[in-house]
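The data block below is upload.cif; it holds mmCIF, C-alpha atoms.
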data_structure
loop_
_atom_site.group_PDB
_atom_site.id
_atom_site.type_symbol
_atom_site.label_atom_id
_atom_site.label_comp_id
_atom_site.auth_asym_id
_atom_site.auth_seq_id
_atom_site.Cartn_x
_atom_site.Cartn_y
_atom_site.Cartn_z
ATOM 1 C CA MET R 842 -16.354 -19.691 24.642
ATOM 2 C CA LEU R 843 -16.562 -23.429 24.058
ATOM 3 C CA PRO R 844 -19.902 -25.165 24.769
ATOM 4 C CA ILE R 845 -20.006 -27.360 27.922
ATOM 5 C CA ARG R 846 -20.282 -30.462 25.749
ATOM 6 C CA ASP R 847 -17.000 -29.643 23.968
ATOM 7 C CA LYS R 848 -15.270 -28.958 27.286
ATOM 8 C CA LEU R 849 -16.328 -32.368 28.607
ATOM 9 C CA ASN R 850 -14.591 -33.974 25.615
ATOM 10 C CA ASN R 851 -11.297 -32.955 27.242
ATOM 11 C CA PRO R 852 -10.242 -35.753 29.667
ATOM 12 C CA PHE R 853 -8.309 -33.335 31.894
ATOM 13 C CA VAL R 854 -11.421 -31.221 32.392
ATOM 14 C CA VAL R 855 -13.218 -34.401 33.456
ATOM 15 C CA VAL R 856 -10.416 -35.184 35.961
ATOM 16 C CA THR R 857 -10.704 -31.677 37.428
ATOM 17 C CA LEU R 858 -14.474 -32.073 37.671
ATOM 18 C CA ALA R 859 -14.102 -35.484 39.343
ATOM 19 C CA LEU R 860 -11.646 -33.989 41.858
ATOM 20 C CA PHE R 861 -14.035 -31.134 42.634
ATOM 21 C CA ILE R 862 -16.962 -33.556 43.136
ATOM 22 C CA ALA R 863 -14.858 -35.859 45.386
ATOM 23 C CA VAL R 864 -13.721 -32.979 47.617
ATOM 24 C CA ALA R 865 -17.196 -31.403 47.715
ATOM 25 C CA GLY R 866 -18.737 -34.786 48.527
ATOM 26 C CA TYR R 867 -16.261 -35.372 51.340
ATOM 27 C CA LEU R 868 -16.814 -31.903 52.869
ATOM 28 C CA ILE R 869 -20.599 -32.310 52.720
ATOM 29 C CA SER R 870 -20.418 -35.762 54.352
ATOM 30 C CA ASP R 871 -18.090 -34.396 57.066
ATOM 31 C CA TYR R 872 -20.651 -31.702 57.839
ATOM 32 C CA PHE R 873 -23.150 -34.413 58.798
ATOM 33 C CA VAL R 874 -20.859 -37.202 60.115
ATOM 34 C CA HIS R 875 -17.831 -35.290 61.525
ATOM 35 C CA TRP R 876 -15.049 -37.672 60.480
ATOM 36 C CA ILE R 877 -12.446 -38.285 63.206
ATOM 37 C CA LYS R 878 -9.469 -38.048 60.802
ATOM 38 C CA PHE R 879 -10.716 -35.102 58.766
ATOM 39 C CA TRP R 880 -7.437 -34.136 57.078
ATOM 40 C CA LEU R 881 -6.545 -37.717 56.157
ATOM 41 C CA GLY R 882 -9.917 -38.134 54.496
ATOM 42 C CA LEU R 883 -9.533 -34.836 52.647
ATOM 43 C CA TYR R 884 -6.098 -35.837 51.359
ATOM 44 C CA LEU R 885 -7.513 -39.158 50.142
ATOM 45 C CA ALA R 886 -10.453 -37.390 48.474
ATOM 46 C CA ILE R 887 -7.933 -35.237 46.563
ATOM 47 C CA ALA R 888 -5.305 -37.888 45.834
ATOM 48 C CA LEU R 889 -7.424 -40.845 44.737
ATOM 49 C CA PRO R 890 -9.169 -39.127 41.758
ATOM 50 C CA ILE R 891 -5.798 -37.769 40.606
ATOM 51 C CA ILE R 892 -3.976 -41.116 40.930
ATOM 52 C CA ILE R 893 -6.736 -43.098 39.230
ATOM 53 C CA ALA R 894 -8.081 -40.684 36.632
ATOM 54 C CA LEU R 895 -4.976 -38.767 35.505
ATOM 55 C CA PRO R 896 -3.242 -41.663 33.659
ATOM 56 C CA ILE R 897 -6.573 -42.595 32.063
ATOM 57 C CA ALA R 898 -7.072 -38.971 31.003
ATOM 58 C CA PHE R 899 -3.596 -38.853 29.461
ATOM 59 C CA ILE R 900 -4.249 -42.021 27.412
ATOM 60 C CA LEU R 901 -7.634 -40.711 26.280
ATOM 61 C CA GLN R 902 -6.079 -37.383 25.314
ATOM 62 C CA GLN R 903 -3.539 -39.151 23.057
ATOM 63 C CA ASN R 904 -6.316 -41.203 21.458
ATOM 64 C CA PHE R 905 -8.422 -38.096 20.860
ATOM 65 C CA LYS R 906 -5.438 -36.445 19.136
ATOM 66 C CA LYS R 907 -5.017 -39.450 16.839
ATOM 67 C CA ILE R 908 -8.732 -39.493 16.047
ATOM 68 C CA ASN R 909 -8.726 -35.755 15.239
ATOM 69 C CA THR R 910 -5.658 -36.165 13.001
ATOM 70 C CA GLN R 911 -7.300 -39.056 11.140
ATOM 71 C CA LYS R 912 -10.508 -37.032 10.810
ATOM 72 C CA LYS R 913 -8.621 -34.120 9.220
ATOM 73 C CA GLU R 914 -6.802 -36.485 6.839
ATOM 74 C CA LEU R 915 -10.107 -38.078 5.773
ATOM 75 C CA GLU R 916 -11.669 -34.644 5.216
ATOM 76 C CA HIS R 917 -8.616 -33.651 3.150
ATOM 77 C CA LEU R 918 -8.850 -36.828 1.035
ATOM 78 C CA ASP R 919 -12.592 -36.324 0.557
ATOM 79 C CA THR R 920 -11.967 -32.775 -0.706
ATOM 80 C CA ILE R 921 -9.275 -34.043 -3.080
ATOM 81 C CA ASN R 922 -11.603 -36.738 -4.432
ATOM 82 C CA LYS R 923 -14.298 -34.144 -5.119
ATOM 83 C CA LYS R 924 -11.798 -31.877 -6.866
ATOM 84 C CA LEU R 925 -10.435 -34.797 -8.881
ATOM 85 C CA PHE R 926 -13.898 -35.764 -10.129
ATOM 86 C CA LEU R 927 -14.586 -32.132 -11.027
ATOM 87 C CA LEU R 928 -11.337 -31.944 -12.983
ATOM 88 C CA ILE R 929 -12.022 -35.193 -14.826
ATOM 89 C CA SER R 930 -15.583 -34.223 -15.753
ATOM 90 C CA HIS R 931 -14.584 -30.680 -16.714
ATOM 91 C CA ASP R 932 -11.207 -31.039 -18.443
ATOM 92 C CA VAL R 933 -11.227 -34.565 -19.896
ATOM 93 C CA ARG R 934 -14.664 -34.387 -21.508
ATOM 94 C CA SER R 935 -13.750 -31.814 -24.170
ATOM 95 C CA PRO R 936 -10.646 -33.554 -25.629
ATOM 96 C CA LEU R 937 -12.461 -36.892 -25.537
ATOM 97 C CA ALA R 938 -15.370 -35.379 -27.455
ATOM 98 C CA SER R 939 -12.854 -34.224 -30.066
ATOM 99 C CA LEU R 940 -11.392 -37.730 -30.346
ATOM 100 C CA ILE R 941 -14.834 -39.327 -30.628
ATOM 101 C CA GLY R 942 -15.794 -36.870 -33.385
ATOM 102 C CA THR R 943 -12.683 -37.753 -35.407
ATOM 103 C CA ILE R 944 -13.214 -41.497 -34.954
ATOM 104 C CA ASP R 945 -16.879 -41.191 -36.031
ATOM 105 C CA LEU R 946 -15.850 -39.443 -39.252
ATOM 106 C CA VAL R 947 -13.554 -42.333 -40.151
ATOM 107 C CA ALA R 948 -15.930 -45.076 -38.965
ATOM 108 C CA ASN R 949 -18.863 -43.694 -40.983
ATOM 109 C CA ASN R 950 -16.736 -43.439 -44.156
ATOM 110 C CA ASP R 951 -17.406 -39.695 -44.323
ATOM 111 C CA ILE R 952 -13.841 -39.174 -45.568
ATOM 112 C CA ASP R 953 -11.643 -40.932 -48.146
ATOM 113 C CA SER R 954 -8.493 -42.928 -47.354
ATOM 114 C CA ASP R 955 -6.079 -40.031 -47.915
ATOM 115 C CA GLU R 956 -8.053 -37.793 -45.604
ATOM 116 C CA ALA R 957 -8.329 -40.676 -43.113
ATOM 117 C CA LYS R 958 -4.521 -40.882 -42.940
ATOM 118 C CA LEU R 959 -4.342 -37.192 -42.107
ATOM 119 C CA TYR R 960 -7.084 -37.551 -39.499
ATOM 120 C CA PHE R 961 -5.374 -40.558 -37.909
ATOM 121 C CA LYS R 962 -2.117 -38.623 -37.739
ATOM 122 C CA GLU R 963 -3.951 -35.792 -36.017
ATOM 123 C CA LEU R 964 -5.792 -38.312 -33.832
ATOM 124 C CA SER R 965 -2.492 -39.824 -32.684
ATOM 125 C CA LYS R 966 -1.273 -36.365 -31.668
ATOM 126 C CA LYS R 967 -4.475 -35.687 -29.730
ATOM 127 C CA VAL R 968 -4.293 -39.027 -27.909
ATOM 128 C CA LYS R 969 -0.716 -38.236 -26.868
ATOM 129 C CA ASN R 970 -1.792 -34.827 -25.591
ATOM 130 C CA VAL R 971 -4.696 -36.330 -23.625
ATOM 131 C CA ASN R 972 -2.222 -38.835 -22.170
ATOM 132 C CA ILE R 973 0.088 -35.985 -21.109
ATOM 133 C CA PHE R 974 -2.856 -34.236 -19.488
ATOM 134 C CA LEU R 975 -3.956 -37.399 -17.615
ATOM 135 C CA ASP R 976 -0.382 -37.960 -16.407
ATOM 136 C CA GLY R 977 -0.386 -34.413 -15.057
ATOM 137 C CA LEU R 978 -3.752 -34.991 -13.405
ATOM 138 C CA LEU R 979 -2.562 -38.189 -11.721
ATOM 139 C CA ASP R 980 0.620 -36.434 -10.619
ATOM 140 C CA TRP R 981 -1.496 -33.642 -9.110
ATOM 141 C CA SER R 982 -3.593 -36.191 -7.173
ATOM 142 C CA ARG R 983 -0.431 -37.906 -5.903
ATOM 143 C CA ARG R 984 0.973 -34.585 -4.740
ATOM 144 C CA GLN R 985 -2.231 -33.901 -2.817
ATOM 145 C CA THR R 986 -2.586 -37.336 -1.206
ATOM 146 C CA GLN R 987 1.098 -38.092 -0.554
ATOM 147 C CA ASN R 988 2.367 -34.528 0.047
ATOM 148 C CA LYS R 989 4.752 -35.046 -2.862
ATOM 149 C CA PRO R 990 7.166 -32.077 -3.105
ATOM 150 C CA LEU R 991 7.383 -29.925 -6.224
ATOM 151 C CA SER R 992 10.258 -30.630 -8.615
ATOM 152 C CA PHE R 993 11.918 -27.377 -9.716
ATOM 153 C CA VAL R 994 13.753 -27.388 -13.062
ATOM 154 C CA THR R 995 14.771 -24.925 -15.780
ATOM 155 C CA PHE R 996 12.697 -25.368 -18.940
ATOM 156 C CA GLU R 997 11.512 -23.544 -22.045
ATOM 157 C CA ALA R 998 7.942 -22.272 -21.975
ATOM 158 C CA LEU R 999 7.223 -23.902 -25.355
ATOM 159 C CA GLN R 1000 8.020 -27.335 -23.876
ATOM 160 C CA ALA R 1001 4.966 -27.096 -21.607
ATOM 161 C CA ILE R 1002 2.781 -24.841 -23.774
ATOM 162 C CA LYS R 1003 2.777 -26.841 -27.026
ATOM 163 C CA PRO R 1004 1.029 -30.031 -25.739
ATOM 164 C CA MET R 1005 -1.641 -27.975 -23.927
ATOM 165 C CA TRP R 1006 -2.155 -25.695 -26.910
ATOM 166 C CA GLU R 1007 -2.665 -28.723 -29.181
ATOM 167 C CA LEU R 1008 -4.921 -30.341 -26.586
ATOM 168 C CA LEU R 1009 -7.273 -27.315 -26.550
ATOM 169 C CA GLU R 1010 -7.010 -26.503 -30.253
ATOM 170 C CA HIS R 1011 -10.264 -28.338 -30.978
ATOM 171 C CA GLU R 1012 -12.169 -26.082 -28.540
ATOM 172 C CA ALA R 1013 -10.780 -22.992 -30.279
ATOM 173 C CA LEU R 1014 -11.633 -24.326 -33.754
ATOM 174 C CA LYS R 1015 -15.253 -24.956 -32.720
ATOM 175 C CA LYS R 1016 -15.573 -21.202 -32.105
ATOM 176 C CA ASN R 1017 -13.373 -20.269 -35.097
ATOM 177 C CA ILE R 1018 -10.876 -18.640 -32.702
ATOM 178 C CA THR R 1019 -7.398 -17.891 -34.052
ATOM 179 C CA ILE R 1020 -4.472 -18.567 -31.705
ATOM 180 C CA ASN R 1021 -1.316 -16.594 -32.549
ATOM 181 C CA THR R 1022 2.081 -16.969 -30.855
ATOM 182 C CA ASN R 1023 5.107 -14.748 -30.358
ATOM 183 C CA ASN R 1024 8.317 -15.678 -28.558
ATOM 184 C CA LEU R 1025 7.763 -18.871 -26.501
ATOM 185 C CA ASN R 1026 11.408 -19.915 -26.093
ATOM 186 C CA THR R 1027 12.016 -18.055 -22.830
ATOM 187 C CA LYS R 1028 13.392 -20.200 -20.018
ATOM 188 C CA MET R 1029 11.988 -20.211 -16.501
ATOM 189 C CA TYR R 1030 12.637 -21.995 -13.211
ATOM 190 C CA ALA R 1031 9.615 -23.762 -11.738
ATOM 191 C CA ASP R 1032 7.804 -27.064 -11.354
ATOM 192 C CA ILE R 1033 6.852 -27.879 -14.948
ATOM 193 C CA ASP R 1034 3.687 -29.786 -13.992
ATOM 194 C CA SER R 1035 2.457 -26.805 -11.973
ATOM 195 C CA TYR R 1036 3.186 -24.451 -14.873
ATOM 196 C CA THR R 1037 1.404 -26.750 -17.332
ATOM 197 C CA PHE R 1038 -1.646 -26.901 -15.066
ATOM 198 C CA VAL R 1039 -1.783 -23.100 -14.703
ATOM 199 C CA PHE R 1040 -1.227 -22.385 -18.412
ATOM 200 C CA ARG R 1041 -3.873 -24.917 -19.502
ATOM 201 C CA ASN R 1042 -6.492 -23.410 -17.195
ATOM 202 C CA ILE R 1043 -5.761 -19.829 -18.285
ATOM 203 C CA LEU R 1044 -5.833 -20.740 -21.997
ATOM 204 C CA GLN R 1045 -9.036 -22.727 -21.500
ATOM 205 C CA ASN R 1046 -10.645 -19.689 -19.853
ATOM 206 C CA ALA R 1047 -9.450 -17.464 -22.718
ATOM 207 C CA ILE R 1048 -11.164 -19.780 -25.228
ATOM 208 C CA LYS R 1049 -14.229 -20.011 -23.011
ATOM 209 C CA PHE R 1050 -14.752 -16.240 -22.802
ATOM 210 C CA THR R 1051 -13.769 -15.327 -26.369
ATOM 211 C CA LYS R 1052 -16.601 -14.983 -28.868
ATOM 212 C CA GLN R 1053 -16.807 -16.565 -32.313
ATOM 213 C CA SER R 1054 -13.931 -15.579 -34.673
ATOM 214 C CA GLY R 1055 -11.975 -13.982 -31.826
ATOM 215 C CA ILE R 1056 -8.196 -13.913 -31.407
ATOM 216 C CA ILE R 1057 -5.920 -15.231 -28.639
ATOM 217 C CA VAL R 1058 -2.211 -14.354 -28.469
ATOM 218 C CA LEU R 1059 0.366 -16.394 -26.524
ATOM 219 C CA GLU R 1060 3.792 -14.955 -25.724
ATOM 220 C CA THR R 1061 6.535 -14.858 -23.101
ATOM 221 C CA LYS R 1062 8.589 -11.877 -21.942
ATOM 222 C CA GLU R 1063 11.256 -11.192 -19.355
ATOM 223 C CA ILE R 1064 10.312 -8.193 -17.184
ATOM 224 C CA ASN R 1065 12.338 -7.175 -14.096
ATOM 225 C CA GLY R 1066 13.913 -10.612 -13.723
ATOM 226 C CA LEU R 1067 10.606 -12.460 -13.954
ATOM 227 C CA ILE R 1068 9.237 -14.447 -16.871
ATOM 228 C CA HIS R 1069 5.748 -13.368 -17.936
ATOM 229 C CA THR R 1070 3.676 -15.897 -19.845
ATOM 230 C CA ILE R 1071 0.976 -13.695 -21.377
ATOM 231 C CA ILE R 1072 -2.369 -14.971 -22.669
ATOM 232 C CA SER R 1073 -4.304 -12.130 -24.327
ATOM 233 C CA ASP R 1074 -7.780 -12.492 -25.791
ATOM 234 C CA THR R 1075 -10.429 -10.387 -27.513
ATOM 235 C CA GLY R 1076 -13.119 -11.796 -25.234
ATOM 236 C CA VAL R 1077 -15.879 -10.336 -23.129
ATOM 237 C CA GLY R 1078 -13.571 -8.944 -20.436
ATOM 238 C CA ILE R 1079 -13.913 -8.991 -16.642
ATOM 239 C CA HIS R 1080 -15.240 -6.382 -14.199
ATOM 240 C CA THR R 1081 -12.705 -5.015 -11.674
ATOM 241 C CA LYS R 1082 -14.707 -6.413 -8.739
ATOM 242 C CA GLU R 1083 -14.721 -9.866 -10.342
ATOM 243 C CA ILE R 1084 -10.936 -9.689 -10.835
ATOM 244 C CA GLU R 1085 -10.557 -8.996 -7.103
ATOM 245 C CA LYS R 1086 -12.664 -12.078 -6.299
ATOM 246 C CA ILE R 1087 -10.554 -14.243 -8.606
ATOM 247 C CA LEU R 1088 -7.198 -13.069 -7.229
ATOM 248 C CA LYS R 1089 -8.288 -13.472 -3.607
ATOM 249 C CA GLY R 1090 -9.005 -17.119 -4.380
ATOM 250 C CA GLU R 1091 -11.318 -17.394 -1.388
ATOM 251 C CA ASN R 1092 -14.377 -18.651 -3.283
ATOM 252 C CA TRP R 1093 -14.972 -21.042 -6.144
ATOM 253 C CA TYR R 1094 -15.518 -18.401 -8.796
ATOM 254 C CA THR R 1095 -17.103 -19.501 -12.070
ATOM 255 C CA THR R 1096 -19.371 -18.126 -14.795
ATOM 256 C CA LYS R 1097 -20.641 -19.495 -18.108
ATOM 257 C CA GLY R 1098 -18.646 -18.904 -21.284
ATOM 258 C CA THR R 1099 -19.744 -17.210 -24.505
ATOM 259 C CA SER R 1100 -21.097 -20.544 -25.811
ATOM 260 C CA GLU R 1101 -22.639 -21.478 -22.459
ATOM 261 C CA GLU R 1102 -19.533 -23.493 -21.443
ATOM 262 C CA LYS R 1103 -19.682 -24.493 -17.790
ATOM 263 C CA GLY R 1104 -16.835 -24.360 -15.277
ATOM 264 C CA THR R 1105 -16.104 -25.630 -11.773
ATOM 265 C CA GLY R 1106 -14.260 -22.651 -10.271
ATOM 266 C CA PHE R 1107 -11.649 -25.124 -9.088
ATOM 267 C CA GLY R 1108 -9.039 -24.390 -11.766
ATOM 268 C CA LEU R 1109 -8.341 -20.761 -10.882
ATOM 269 C CA ARG R 1110 -8.110 -21.487 -7.156
ATOM 270 C CA THR R 1111 -5.605 -24.242 -7.816
ATOM 271 C CA CYS R 1112 -3.652 -22.007 -10.224
ATOM 272 C CA LEU R 1113 -3.167 -19.445 -7.450
ATOM 273 C CA TYR R 1114 -2.160 -22.223 -5.041
ATOM 274 C CA TYR R 1115 0.458 -23.622 -7.452
ATOM 275 C CA LEU R 1116 1.851 -20.195 -8.329
ATOM 276 C CA LYS R 1117 2.341 -19.420 -4.652
ATOM 277 C CA LYS R 1118 4.221 -22.717 -4.234
ATOM 278 C CA ASN R 1119 6.401 -21.787 -7.243
ATOM 279 C CA ASN R 1120 7.226 -18.275 -5.990
ATOM 280 C CA GLY R 1121 5.076 -16.910 -8.792
ATOM 281 C CA ASP R 1122 2.070 -14.667 -9.223
ATOM 282 C CA LEU R 1123 -0.914 -13.978 -11.477
ATOM 283 C CA LEU R 1124 -1.772 -10.606 -13.013
ATOM 284 C CA ILE R 1125 -5.073 -9.839 -14.735
ATOM 285 C CA ASP R 1126 -5.621 -6.747 -16.865
ATOM 286 C CA SER R 1127 -9.072 -6.542 -18.416
ATOM 287 C CA GLU R 1128 -11.701 -4.189 -19.763
ATOM 288 C CA VAL R 1129 -15.304 -5.253 -20.236
ATOM 289 C CA GLY R 1130 -16.093 -5.757 -23.919
ATOM 290 C CA LYS R 1131 -12.460 -5.346 -25.003
ATOM 291 C CA GLY R 1132 -10.755 -8.513 -23.798
ATOM 292 C CA THR R 1133 -8.420 -9.759 -21.104
ATOM 293 C CA LYS R 1134 -4.668 -10.122 -20.632
ATOM 294 C CA VAL R 1135 -3.544 -12.673 -18.031
ATOM 295 C CA SER R 1136 0.147 -12.870 -17.076
ATOM 296 C CA ILE R 1137 1.688 -15.879 -15.325
ATOM 297 C CA LEU R 1138 4.787 -14.664 -13.449
ATOM 298 C CA LEU R 1139 7.576 -17.105 -12.560
ATOM 299 C CA PRO R 1140 11.289 -16.825 -11.734
ATOM 300 C CA LYS R 1141 13.776 -16.669 -14.604
ATOM 301 C CA GLY R 1142 15.606 -19.881 -15.585
#
Could the structure of this file be written out as structure tokens, please?
Amino acid sequence: MLPIRDKLNNPFVVVTLALFIAVAGYLISDYFVHWIKFWLGLYLAIALPIIIALPIAFILQQNFKKINTQKKELEHLDTINKKLFLLISHDVRSPLASLIGTIDLVANNDIDSDEAKLYFKELSKKVKNVNIFLDGLLDWSRRQTQNKPLSFVTFEALQAIKPMWELLEHEALKKNITINTNNLNTKMYADIDSYTFVFRNILQNAIKFTKQSGIIVLETKEINGLIHTIISDTGVGIHTKEIEKILKGENWYTTKGTSEEKGTGFGLRTCLYYLKKNNGDLLIDSEVGKGTKVSILLPKG
């Protein structure tokens, strides 16, 4: 049951209460005064509150609806802003650290001119990949704030995977992790920005939970009319109960990586959200101490 205070926020409840008070007041006064035209007075006691208060109640009700709608929109925008800041702090910091490290090597003359050319070539590639990532991030924020619809197209997995793979390569190299690939030319039908977001988060988690000198394998397969993008790692693995928590997507699930990498828990929740919007799914097969295989399922192109 609603508290009395919440009930009184409804203008029509207030009208009913005013009507009850007017009638009760009239009947009590009649008990002492004995009005000559009793029924006329009773009709007026009923009609006047309705005639005066009902239009006012209707206007107030419309205003309350607008206020509640605006409140929900503001809460939604506030949530998006928090998520956006989490994404920026979590996912932009690592590639920027890689860029800064490369620039410092050149600026401090730690490498000769020939090596510098190679580094600058690599630096250019990394800057482009960071730019692709930021474009995707801005597109995500626009979708959230403007309810922008998803754009479904047929594309090759490699088209979306390559920039994200190169973007995260520095993180893998820091832990001496080898990334191998099999067939990545399979076509699928989905929103490419959504797919890129999901793949990047899954690969980032694979790097995060794989120990030094581990191996990650990327491949795509067609199984029962669905395209499986499979990210397998030789990492620490996940308990069955933890997998259930992840796939339910009800809580912001996060743990530290093998090198104490921190996470926000936002990425996996958003991956599940995007996959649902793309008629896709996420499968996780893992054994503690033996690694994890995550499959991104999407319709065939």
Answer key for the PyMOL selection byres ((chain R and resi 1045-1049) around 8), residues as a JSON list (two decimals) with C-alpha atoms, in the frame of the given file:
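Written file, selection.json:
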[["chain", "number", "residue", "atom", "x", "y", "z"],
["R", 1009, "LEU", "CA", -7.27, -27.32, -26.55],
["R", 1012, "GLU", "CA", -12.17, -26.08, -28.54],
["R", 1013, "ALA", "CA", -10.78, -22.99, -30.28],
["R", 1018, "ILE", "CA", -10.88, -18.64, -32.70],
["R", 1041, "ARG", "CA", -3.87, -24.92, -19.50],
["R", 1042, "ASN", "CA", -6.49, -23.41, -17.20],
["R", 1043, "ILE", "CA", -5.76, -19.83, -18.28],
["R", 1044, "LEU", "CA", -5.83, -20.74, -22.00],
["R", 1050, "PHE", "CA", -14.75, -16.24, -22.80],
["R", 1051, "THR", "CA", -13.77, -15.33, -26.37],
["R", 1057, "ILE", "CA", -5.92, -15.23, -28.64],
["R", 1072, "ILE", "CA", -2.37, -14.97, -22.67],
["R", 1073, "SER", "CA", -4.30, -12.13, -24.33],
["R", 1074, "ASP", "CA", -7.78, -12.49, -25.79],
["R", 1076, "GLY", "CA", -13.12, -11.80, -25.23],
["R", 1098, "GLY", "CA", -18.65, -18.90, -21.28],
["R", 1099, "THR", "CA", -19.74, -17.21, -24.50],
["R", 1100, "SER", "CA", -21.10, -20.54, -25.81],
["R", 1102, "GLU", "CA", -19.53, -23.49, -21.44],
["R", 1133, "THR", "CA", -8.42, -9.76, -21.10]]
Task: Length of the CA of Asn1120 in chain R to CA of Thr1022 in chain R vector [Å] - done: 25.4 Å
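Between CA of Glu1063 in chain R and CA of Ile1033 in chain R the separation is 17.8 Å.
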Open item on the list: Measuring between all atoms listed in the file, which one of R:Ile1002, R:Val971, R:Ile1020, R:Val1077 shows the shortest distance to Lys1052 in chain R?
Closed with: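 Using all atoms listed in the file, the shortest distance to Lys1052 in chain R belongs to R:Val1077.
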Task: Distance query range 993-1000 of chain R at most 10 Å, only C-alpha atoms, self and fewer than 4 positions along chain excluded, as a list in words - done: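 Returned residues: Pro1004, Met1005, Trp1006, Asn1024, Leu1025, Asn1026, Thr1027, Lys1028, Met1029, Tyr1030, Ala1031, Asp1032, Ile1033, Asp1034, Ser1035, Tyr1036, Thr1037, Phe1040, Glu1060, Thr1061, Ile1068, Thr1070, Asn1119, Pro1140, Lys1141 and Gly1142 of chain R.
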- [ ] Counting all atoms listed in the file, figure out which residue out of R:Val1129, R:Leu1138, R:Phe1038, R:Ser965 gets nearest to Thr1111 in chain R.
- [x] R:Phe1038
Open item on the list: Nearest residue to Gly1055 in chain R out of R:Lys1131, R:Lys1117, R:Lys1082, R:Pro990, using all atoms listed in the file?
Closed with: R:Lys1131
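Each of R:Lys1086, R:Lys1134, R:Lys962, R:Lys1016 was compared to Val1058 in chain R using only C-alpha atoms, and R:Lys1134 turns out to be the nearest.
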TODO: Work out how far CA of Leu1109 in chain R is from CA of Leu1123 in chain R, in Å to one decimal.
DONE: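 Distance reported for this atom pair: 10.1 Å.
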TODO: Go ahead and find all residues with at least one atom no further than 10 Å from (-2.0, -6.2, -11.7) in the file's coordinates, using all atoms listed in the file; report them as an MDAnalysis selection string.
DONE: chainID R and resid 1084 1088 1122:1127 1135:1136
- [ ] Kindly indicate which residue among R:Ile869, R:Ala1001, R:Leu991, R:Leu1008 lies nearest to Ala938 in chain R, using all atoms listed in the file for the distances.
- [x]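 The shortest atom-to-atom distance to Ala938 in chain R comes from R:Leu1008.
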TODO: Choose the residue, out of R:Lys906, R:Ile944, R:Ala865, R:Tyr1115, that has the smallest atom-to-atom separation from Val968 in chain R; count only C-alpha atoms.
DONE: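 For Val968 in chain R, the nearest of the given residues is R:Ile944.
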Near-Thr943 in chain R list (12 Å; only C-alpha atoms; drop same-chain fewer than 5 positions) as an mmCIF file with C-alpha atoms, in the frame of the given file:
data_model
loop_
_atom_site.group_PDB
_atom_site.id
_atom_site.type_symbol
_atom_site.label_atom_id
_atom_site.label_comp_id
_atom_site.auth_asym_id
_atom_site.auth_seq_id
_atom_site.Cartn_x
_atom_site.Cartn_y
_atom_site.Cartn_z
ATOM 1 C CA PRO R 936 -10.646 -33.554 -25.629
ATOM 2 C CA LEU R 937 -12.461 -36.892 -25.537
ATOM 3 C CA ALA R 938 -15.370 -35.379 -27.455
ATOM 4 C CA ALA R 948 -15.930 -45.076 -38.965
ATOM 5 C CA ASN R 949 -18.863 -43.694 -40.983
ATOM 6 C CA ASN R 950 -16.736 -43.439 -44.156
ATOM 7 C CA ASP R 951 -17.406 -39.695 -44.323
ATOM 8 C CA ILE R 952 -13.841 -39.174 -45.568
ATOM 9 C CA GLU R 956 -8.053 -37.793 -45.604
ATOM 10 C CA ALA R 957 -8.329 -40.676 -43.113
ATOM 11 C CA LYS R 958 -4.521 -40.882 -42.940
ATOM 12 C CA LEU R 959 -4.342 -37.192 -42.107
ATOM 13 C CA TYR R 960 -7.084 -37.551 -39.499
ATOM 14 C CA PHE R 961 -5.374 -40.558 -37.909
ATOM 15 C CA LYS R 962 -2.117 -38.623 -37.739
ATOM 16 C CA GLU R 963 -3.951 -35.792 -36.017
ATOM 17 C CA LEU R 964 -5.792 -38.312 -33.832
ATOM 18 C CA SER R 965 -2.492 -39.824 -32.684
ATOM 19 C CA LYS R 967 -4.475 -35.687 -29.730
ATOM 20 C CA VAL R 968 -4.293 -39.027 -27.909
ATOM 21 C CA HIS R 1011 -10.264 -28.338 -30.978
#
